[in-house]
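Next comes input02.json, with JSON, C-alpha atoms.
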[["chain", "number", "residue", "atom", "x", "y", "z"],
["A", 19, "MET", "CA", 129.36, -90.92, 101.47],
["A", 20, "VAL", "CA", 126.70, -91.26, 104.20],
["A", 21, "ARG", "CA", 124.07, -93.90, 103.41],
["A", 22, "ALA", "CA", 120.58, -92.92, 104.60],
["A", 23, "ILE", "CA", 117.20, -94.62, 104.84],
["A", 24, "MET", "CA", 114.31, -92.18, 104.34],
["A", 25, "HIS", "CA", 111.51, -93.23, 106.70],
["A", 26, "GLY", "CA", 108.30, -91.69, 105.34],
["A", 27, "CYS", "CA", 109.87, -91.24, 101.91],
["A", 28, "ASN", "CA", 106.62, -90.65, 100.01],
["A", 29, "GLY", "CA", 105.20, -87.99, 102.30],
["A", 30, "LYS", "CA", 105.60, -84.25, 101.67],
["A", 31, "MET", "CA", 108.79, -83.90, 103.69],
["A", 32, "GLY", "CA", 110.11, -87.22, 102.40],
["A", 33, "ARG", "CA", 109.87, -85.91, 98.84],
["A", 34, "VAL", "CA", 111.53, -82.62, 99.84],
["A", 35, "ILE", "CA", 114.43, -84.44, 101.50],
["A", 36, "THR", "CA", 114.80, -86.82, 98.56],
["A", 37, "GLY", "CA", 115.26, -83.80, 96.31],
["A", 38, "LEU", "CA", 117.75, -82.12, 98.64],
["A", 39, "ILE", "CA", 119.87, -85.24, 99.03],
["A", 40, "GLY", "CA", 119.90, -85.70, 95.27],
["A", 41, "GLU", "CA", 121.84, -82.42, 95.09],
["A", 42, "ASP", "CA", 124.16, -83.17, 98.04],
["A", 43, "GLY", "CA", 127.48, -84.86, 97.33],
["A", 44, "GLY", "CA", 127.96, -86.03, 100.92],
["A", 45, "ILE", "CA", 124.91, -88.22, 101.44],
["A", 46, "GLU", "CA", 122.70, -90.59, 99.45],
["A", 47, "ILE", "CA", 119.39, -92.37, 100.07],
["A", 48, "VAL", "CA", 119.90, -96.11, 99.74],
["A", 49, "ALA", "CA", 116.35, -97.12, 100.69],
["A", 50, "GLY", "CA", 112.98, -95.69, 101.64],
["A", 51, "VAL", "CA", 110.20, -96.83, 103.94],
["A", 52, "ASP", "CA", 106.55, -95.92, 103.43],
["A", 53, "THR", "CA", 103.22, -97.69, 103.67],
["A", 54, "TYR", "CA", 102.37, -96.11, 100.31],
["A", 55, "THR", "CA", 104.76, -97.60, 97.78],
["A", 56, "ALA", "CA", 103.20, -96.53, 94.46],
["A", 57, "VAL", "CA", 105.40, -93.42, 94.09],
["A", 58, "PRO", "CA", 108.39, -94.04, 91.76],
["A", 59, "ASN", "CA", 111.78, -93.56, 93.42],
["A", 60, "ASP", "CA", 115.42, -94.04, 92.45],
["A", 61, "TYR", "CA", 115.86, -96.28, 95.50],
["A", 62, "PRO", "CA", 114.00, -99.36, 96.77],
["A", 63, "VAL", "CA", 110.99, -98.67, 99.01],
["A", 64, "PHE", "CA", 109.80, -101.03, 101.75],
["A", 65, "GLU", "CA", 106.49, -101.05, 103.61],
["A", 66, "SER", "CA", 108.16, -101.14, 107.02],
["A", 67, "MET", "CA", 111.55, -100.88, 108.69],
["A", 68, "GLU", "CA", 111.33, -104.55, 109.62],
["A", 69, "LYS", "CA", 111.21, -105.46, 105.91],
["A", 70, "CYS", "CA", 114.03, -103.10, 104.93],
["A", 71, "ASP", "CA", 117.23, -105.15, 104.60],
["A", 72, "VAL", "CA", 119.45, -102.47, 103.05],
["A", 73, "GLU", "CA", 122.60, -101.52, 104.97],
["A", 74, "ALA", "CA", 122.72, -97.87, 106.01],
["A", 75, "ASP", "CA", 124.49, -95.43, 108.34],
["A", 76, "VAL", "CA", 121.47, -93.40, 109.49],
["A", 77, "VAL", "CA", 117.68, -93.12, 109.25],
["A", 78, "ILE", "CA", 115.88, -89.83, 108.60],
["A", 79, "ASP", "CA", 112.33, -90.02, 109.93],
["A", 80, "PHE", "CA", 109.54, -87.73, 108.73],
["A", 81, "SER", "CA", 106.54, -90.03, 109.11],
["A", 82, "ASN", "CA", 103.82, -90.01, 111.77],
["A", 83, "ALA", "CA", 103.63, -90.75, 115.47],
["A", 84, "SER", "CA", 101.98, -94.14, 114.98],
["A", 85, "ALA", "CA", 105.10, -95.41, 113.14],
["A", 86, "VAL", "CA", 107.69, -94.20, 115.65],
["A", 87, "ASP", "CA", 107.54, -97.09, 118.14],
["A", 88, "ALA", "CA", 108.36, -99.72, 115.53],
["A", 89, "LEU", "CA", 111.04, -97.49, 114.04],
["A", 90, "LEU", "CA", 112.81, -97.08, 117.39],
["A", 91, "ASP", "CA", 112.64, -100.82, 118.04],
["A", 92, "VAL", "CA", 114.40, -101.60, 114.76],
["A", 93, "CYS", "CA", 116.99, -98.83, 115.17],
["A", 94, "CYS", "CA", 117.84, -100.08, 118.67],
["A", 95, "ALA", "CA", 118.15, -103.67, 117.49],
["A", 96, "ARG", "CA", 120.40, -102.70, 114.58],
["A", 97, "LYS", "CA", 122.27, -99.93, 116.47],
["A", 98, "LEU", "CA", 121.20, -97.64, 113.67],
["A", 99, "PRO", "CA", 121.35, -93.87, 114.33],
["A", 100, "VAL", "CA", 118.08, -92.04, 113.69],
["A", 101, "VAL", "CA", 117.16, -88.40, 113.07],
["A", 102, "LEU", "CA", 113.67, -88.24, 114.54],
["A", 103, "CYS", "CA", 111.72, -85.39, 112.93],
["A", 104, "THR", "CA", 108.17, -86.66, 113.52],
["A", 105, "THR", "CA", 106.19, -84.46, 115.91],
["A", 106, "GLY", "CA", 103.15, -85.08, 118.11],
["A", 107, "LEU", "CA", 104.75, -87.86, 120.16],
["A", 108, "SER", "CA", 103.01, -88.98, 123.34],
["A", 109, "GLU", "CA", 104.67, -88.86, 126.75],
["A", 110, "ALA", "CA", 105.16, -92.62, 126.56],
["A", 111, "GLN", "CA", 106.86, -92.25, 123.19],
["A", 112, "LEU", "CA", 109.09, -89.47, 124.45],
["A", 113, "GLN", "CA", 110.18, -91.80, 127.24],
["A", 114, "LYS", "CA", 110.85, -94.47, 124.63],
["A", 115, "VAL", "CA", 113.09, -91.98, 122.80],
["A", 116, "GLU", "CA", 115.09, -91.57, 126.03],
["A", 117, "GLU", "CA", 115.44, -95.33, 126.35],
["A", 118, "ALA", "CA", 116.40, -95.73, 122.69],
["A", 119, "ALA", "CA", 119.19, -93.19, 123.11],
["A", 120, "LYS", "CA", 120.88, -95.65, 125.49],
["A", 121, "GLU", "CA", 121.14, -98.14, 122.62],
["A", 122, "THR", "CA", 121.84, -95.96, 119.58],
["A", 123, "ALA", "CA", 122.32, -92.33, 118.53],
["A", 124, "VAL", "CA", 119.00, -90.43, 118.45],
["A", 125, "LEU", "CA", 118.68, -86.83, 117.33],
["A", 126, "ARG", "CA", 115.40, -85.11, 118.05],
["A", 127, "SER", "CA", 114.54, -81.42, 117.87],
["A", 128, "ALA", "CA", 111.34, -79.38, 118.13],
["A", 129, "ASN", "CA", 112.31, -77.70, 114.86],
["A", 130, "MET", "CA", 114.86, -78.87, 112.31],
["A", 131, "SER", "CA", 115.56, -75.42, 110.87],
["A", 132, "LEU", "CA", 119.17, -74.30, 111.26],
["A", 133, "GLY", "CA", 117.93, -70.72, 111.66],
["A", 134, "ILE", "CA", 115.49, -71.55, 114.47],
["A", 135, "ASN", "CA", 118.17, -73.42, 116.36],
["A", 136, "LEU", "CA", 120.56, -70.49, 116.06],
["A", 137, "LEU", "CA", 117.74, -68.25, 117.29],
["A", 138, "LEU", "CA", 117.39, -70.42, 120.41],
["A", 139, "LYS", "CA", 120.97, -69.52, 121.32],
["A", 140, "LEU", "CA", 120.57, -65.82, 120.53],
["A", 141, "LEU", "CA", 117.45, -65.62, 122.69],
["A", 142, "LYS", "CA", 119.30, -66.97, 125.70],
["A", 143, "ASP", "CA", 121.94, -64.28, 125.35],
["A", 144, "ALA", "CA", 119.29, -61.57, 124.98],
["A", 145, "ALA", "CA", 117.20, -62.86, 127.90],
["A", 146, "ARG", "CA", 120.16, -62.81, 130.30],
["A", 147, "VAL", "CA", 120.62, -59.11, 129.59],
["A", 148, "LEU", "CA", 117.08, -57.87, 129.04],
["A", 149, "GLY", "CA", 115.12, -59.98, 131.52],
["A", 150, "PRO", "CA", 116.86, -58.64, 134.66],
["A", 151, "ALA", "CA", 116.55, -55.14, 133.18],
["A", 152, "GLY", "CA", 112.75, -55.43, 133.37],
["A", 153, "TYR", "CA", 111.86, -55.95, 129.71],
["A", 154, "ASP", "CA", 108.50, -57.62, 129.06],
["A", 155, "ILE", "CA", 108.68, -60.73, 126.89],
["A", 156, "GLU", "CA", 106.02, -61.68, 124.34],
["A", 157, "LEU", "CA", 106.00, -64.32, 121.62],
["A", 158, "VAL", "CA", 103.78, -64.42, 118.53],
["A", 159, "GLU", "CA", 103.68, -67.43, 116.19],
["A", 160, "ARG", "CA", 101.84, -67.69, 112.87],
["A", 161, "HIS", "CA", 101.03, -70.82, 110.88],
["A", 162, "HIS", "CA", 98.73, -72.02, 108.10],
["A", 163, "ASN", "CA", 95.04, -72.64, 108.68],
["A", 164, "GLN", "CA", 95.44, -76.44, 108.65],
["A", 165, "LYS", "CA", 97.68, -76.59, 111.72],
["A", 166, "VAL", "CA", 95.76, -78.11, 114.64],
["A", 167, "ASP", "CA", 98.08, -77.54, 117.62],
["A", 168, "ALA", "CA", 98.46, -74.11, 119.22],
["A", 169, "PRO", "CA", 100.84, -72.81, 120.28],
["A", 170, "SER", "CA", 103.35, -74.56, 118.07],
["A", 171, "GLY", "CA", 106.06, -76.80, 119.45],
["A", 172, "THR", "CA", 108.62, -74.34, 118.14],
["A", 173, "ALA", "CA", 106.97, -71.47, 120.03],
["A", 174, "ILE", "CA", 107.20, -73.45, 123.26],
["A", 175, "ALA", "CA", 110.84, -74.29, 122.51],
["A", 176, "LEU", "CA", 111.61, -70.59, 122.02],
["A", 177, "ALA", "CA", 109.84, -69.69, 125.26],
["A", 178, "ASP", "CA", 111.66, -72.49, 127.07],
["A", 179, "SER", "CA", 114.99, -71.20, 125.81],
["A", 180, "VAL", "CA", 114.26, -67.74, 127.21],
["A", 181, "ASN", "CA", 112.95, -69.15, 130.48],
["A", 182, "GLU", "CA", 115.94, -71.43, 130.93],
["A", 183, "ALA", "CA", 118.26, -68.43, 130.68],
["A", 184, "LEU", "CA", 116.17, -66.73, 133.39],
["A", 185, "ASP", "CA", 116.37, -69.65, 135.84],
["A", 186, "ARG", "CA", 112.81, -70.75, 134.91],
["A", 187, "GLN", "CA", 111.26, -67.97, 136.98],
["A", 188, "TYR", "CA", 108.71, -67.03, 134.30],
["A", 189, "THR", "CA", 105.23, -68.45, 133.70],
["A", 190, "TYR", "CA", 103.51, -68.74, 130.30],
["A", 191, "VAL", "CA", 100.25, -66.94, 129.53],
["A", 192, "TYR", "CA", 98.31, -68.11, 126.47],
["A", 193, "ASP", "CA", 95.09, -66.12, 126.76],
["A", 194, "ARG", "CA", 94.57, -62.65, 128.22],
["A", 195, "SER", "CA", 90.85, -62.41, 127.44],
["A", 196, "LYS", "CA", 89.60, -64.21, 130.56],
["A", 197, "VAL", "CA", 91.22, -62.03, 133.20],
["A", 198, "ARG", "CA", 91.17, -58.24, 133.17],
["A", 199, "GLN", "CA", 94.44, -57.29, 134.82],
["A", 200, "LYS", "CA", 97.79, -55.92, 133.79],
["A", 201, "ARG", "CA", 100.51, -58.39, 132.92],
["A", 202, "GLU", "CA", 102.85, -59.70, 135.58],
["A", 203, "LYS", "CA", 106.52, -58.89, 135.23],
["A", 204, "LYS", "CA", 107.68, -62.50, 135.18],
["A", 205, "GLU", "CA", 105.49, -63.92, 132.48],
["A", 206, "ILE", "CA", 105.91, -64.73, 128.81],
["A", 207, "GLY", "CA", 102.86, -64.10, 126.67],
["A", 208, "ILE", "CA", 102.41, -66.58, 123.81],
["A", 209, "SER", "CA", 99.95, -65.84, 121.00],
["A", 210, "ALA", "CA", 99.00, -68.10, 118.08],
["A", 211, "VAL", "CA", 97.75, -66.93, 114.67],
["A", 212, "ARG", "CA", 96.30, -69.35, 112.10],
["A", 213, "GLY", "CA", 95.59, -68.36, 108.52],
["A", 214, "GLY", "CA", 96.22, -68.94, 104.85],
["A", 215, "THR", "CA", 99.30, -70.89, 103.84],
["A", 216, "ILE", "CA", 101.82, -69.43, 106.30],
["A", 217, "VAL", "CA", 104.56, -72.05, 106.62],
["A", 218, "GLY", "CA", 105.91, -70.78, 109.91],
["A", 219, "ASP", "CA", 106.59, -67.38, 111.45],
["A", 220, "HIS", "CA", 107.92, -66.81, 114.98],
["A", 221, "GLU", "CA", 108.56, -63.47, 116.63],
["A", 222, "VAL", "CA", 109.98, -62.90, 120.11],
["A", 223, "ILE", "CA", 109.57, -59.38, 121.51],
["A", 224, "PHE", "CA", 111.51, -57.81, 124.37],
["A", 225, "ALA", "CA", 109.58, -54.62, 125.21],
["A", 226, "GLY", "CA", 111.22, -52.13, 127.54],
["A", 227, "THR", "CA", 110.74, -48.48, 128.36],
["A", 228, "ASP", "CA", 110.99, -46.52, 125.12],
["A", 229, "GLU", "CA", 112.58, -49.35, 123.12],
["A", 230, "VAL", "CA", 111.67, -52.72, 121.66],
["A", 231, "ILE", "CA", 114.03, -55.47, 120.54],
["A", 232, "GLU", "CA", 112.53, -58.10, 118.20],
["A", 233, "PHE", "CA", 113.85, -61.46, 117.02],
["A", 234, "LYS", "CA", 112.02, -62.96, 114.07],
["A", 235, "HIS", "CA", 112.30, -66.11, 111.98],
["A", 236, "THR", "CA", 110.20, -66.74, 108.87],
["A", 237, "ALA", "CA", 110.08, -70.02, 106.95],
["A", 238, "TYR", "CA", 108.94, -69.58, 103.35],
["A", 239, "SER", "CA", 108.87, -73.30, 102.52],
["A", 240, "LYS", "CA", 109.33, -76.70, 104.14],
["A", 241, "THR", "CA", 112.76, -76.89, 102.52],
["A", 242, "VAL", "CA", 114.36, -75.21, 105.55],
["A", 243, "PHE", "CA", 113.27, -78.13, 107.74],
["A", 244, "GLY", "CA", 114.50, -80.66, 105.19],
["A", 245, "LYS", "CA", 117.89, -78.96, 104.92],
["A", 246, "GLY", "CA", 118.31, -79.15, 108.68],
["A", 247, "ALA", "CA", 117.36, -82.84, 108.68],
["A", 248, "VAL", "CA", 119.95, -83.61, 105.99],
["A", 249, "GLU", "CA", 122.69, -81.80, 107.91],
["A", 250, "ALA", "CA", 121.62, -83.64, 111.07],
["A", 251, "ALA", "CA", 121.88, -87.01, 109.30],
["A", 252, "LYS", "CA", 125.40, -86.28, 108.06],
["A", 253, "PHE", "CA", 126.35, -85.25, 111.60],
["A", 254, "LEU", "CA", 124.76, -88.26, 113.33],
["A", 255, "ALA", "CA", 126.16, -91.04, 111.13],
["A", 256, "GLY", "CA", 128.83, -92.88, 113.09],
["A", 257, "LYS", "CA", 128.05, -91.21, 116.42],
["A", 258, "PRO", "CA", 127.92, -93.31, 119.60],
["A", 259, "ALA", "CA", 124.66, -94.00, 121.44],
["A", 260, "GLY", "CA", 123.18, -90.95, 123.08],
["A", 261, "LYS", "CA", 120.61, -88.18, 122.73],
["A", 262, "TYR", "CA", 121.50, -85.33, 120.39],
["A", 263, "ASP", "CA", 119.73, -82.21, 119.13],
["A", 264, "MET", "CA", 120.28, -79.53, 116.52],
["A", 265, "SER", "CA", 122.53, -77.49, 118.81],
["A", 266, "ASP", "CA", 125.06, -80.31, 118.42],
["A", 267, "VAL", "CA", 124.79, -80.08, 114.63],
["A", 268, "ILE", "CA", 125.47, -76.34, 114.49],
["A", 269, "ARG", "CA", 127.94, -76.59, 117.39],
["A", 270, "LEU", "CA", 126.42, -74.00, 119.71]]
How would this structure read if it were set down as structure tokens?
Amino acid sequence: MVRAIMHGCNGKMGRVITGLIGEDGGIEIVAGVDTYTAVPNDYPVFESMEKCDVEADVVIDFSNASAVDALLDVCCARKLPVVLCTTGLSEAQLQKVEEAAKETAVLRSANMSLGINLLLKLLKDAARVLGPAGYDIELVERHHNQKVDAPSGTAIALADSVNEALDRQYTYVYDRSKVRQKREKKEIGISAVRGGTIVGDHEVIFAGTDEVIEFKHTAYSKTVFGKGAVEAAKFLAGKPAGKYDMSDVIRL
């Protein structure tokens, strides 16, 4: 049985993961960490990682960027593996993640969905065939009207996966309204849509002469991200120091 600490246990994703782990026979939450401690839980909740004295095998983090520095410090000191799901990290924090991975196991991914991470692999295979054949590549992502960043981190990760397979020869175009000219062959158009309560929708289009190949992933709830985080935690427990991502979890 893997023993996990849920960092950010009383947030939306913390509650989702608590529910998922409650139905999983291979992992249990032995403690939670959250600045808001009024929510009842079946495990002890501490205001900070420094105050948490419960022994565990791994930390699952779904908190906020301001809490990540202290979290990494504690995980390094205790050699405690951490699944880092918090987004919006600064460049300095990303560098700190690299340094932390020298001390303990750190798993970080732009998107925790198992489906998205499989899609990253499929896109590389498609790009190697369709890119040299002259297919135009476009990406459209859709999210709810409360999301502030555009394009999404997942959209960039998908574009990066395609571009990596094509020896990074392509440039990204985010707005076609300012320049009236036809698209260049070696560019990837990225469009962002914001509206309603869309959880997450990503579509990658390879458009050739007289045919179109589309890859699409739709998330209908945040549960898909929680499920990926749980699988990542079970994978990471007991691993040596190093940087990991979801491709390691699904063994691509």
CA of Tyr153 (chain A) and CA of Phe224 (chain A), how far apart in Å? 5.7 Å
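You will find CA of Val100 (chain A) at 15.0 Å from CA of Glu46 (chain A).
Residue nearest Ala145 (chain A) within the list A:Ser265, A:Lys69, A:Asp178, A:Gln111: A:Asp178 [criterion: smallest interatomic distance, all atoms listed in the file].
Closest approach to Glu159 (chain A) among A:Thr172, A:Ser195, A:Ser179, A:Ser127 is made by A:Thr172 (distances from only C-alpha atoms).
Shortest separation to Gln187 (chain A) among A:Pro169, A:Thr53, A:Ser131, A:Gly149 occurs at residue A:Gly149, atoms counted being only C-alpha atoms.
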Measuring between all atoms listed in the file, which one of A:Val34, A:Leu138, A:Val197, A:Leu107 shows the shortest distance to Ala183 (chain A)? A:Leu138
Excluding same-chain residues fewer than 5 positions from Glu65 (chain A), what lies within 10 Å of it counting only C-alpha atoms, as a ChimeraX atom specification? /A:25-26,50-55,70
Go through A:Leu148, A:Ala175, A:Ala237, A:Val211 and flag the residue nearest Ala225 (chain A), using all atoms listed in the file for the distances. A:Leu148
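Taking all atoms listed in the file into account, Asp71 (chain A) lies nearest to A:Ala49 out of the set A:Gly244, A:Val86, A:Val217, A:Ala49.
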Hey, what's within 12 Å of Arg146 (chain A) if we count only C-alpha atoms and toss same-chain stuff fewer than 5 positions away? As JSON, numbers by chain, please? {"A": [139, 140, 141, 151, 152, 153, 179, 180, 181, 182, 183, 184, 185, 186, 224]}
Would you save the residues of that selection, restricted to C-alpha atoms, as a CSV table (one decimal), in the coordinates of the input?
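Saved as result-v4.csv:
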chain,number,residue,atom,x,y,z
A,139,LYS,CA,121.0,-69.5,121.3
A,140,LEU,CA,120.6,-65.8,120.5
A,141,LEU,CA,117.4,-65.6,122.7
A,151,ALA,CA,116.6,-55.1,133.2
A,152,GLY,CA,112.8,-55.4,133.4
A,153,TYR,CA,111.9,-56.0,129.7
A,179,SER,CA,115.0,-71.2,125.8
A,180,VAL,CA,114.3,-67.7,127.2
A,181,ASN,CA,113.0,-69.2,130.5
A,182,GLU,CA,115.9,-71.4,130.9
A,183,ALA,CA,118.3,-68.4,130.7
A,184,LEU,CA,116.2,-66.7,133.4
A,185,ASP,CA,116.4,-69.6,135.8
A,186,ARG,CA,112.8,-70.8,134.9
A,224,PHE,CA,111.5,-57.8,124.4
With only C-alpha atoms as the counted atoms, please give the residues lying no more than 12 Å from Thr241 (chain A), apart from itself and same-chain residues fewer than 2 positions off, as number ranges by chain. A: 30-39, 130-132, 217-218, 237-239, 243-248
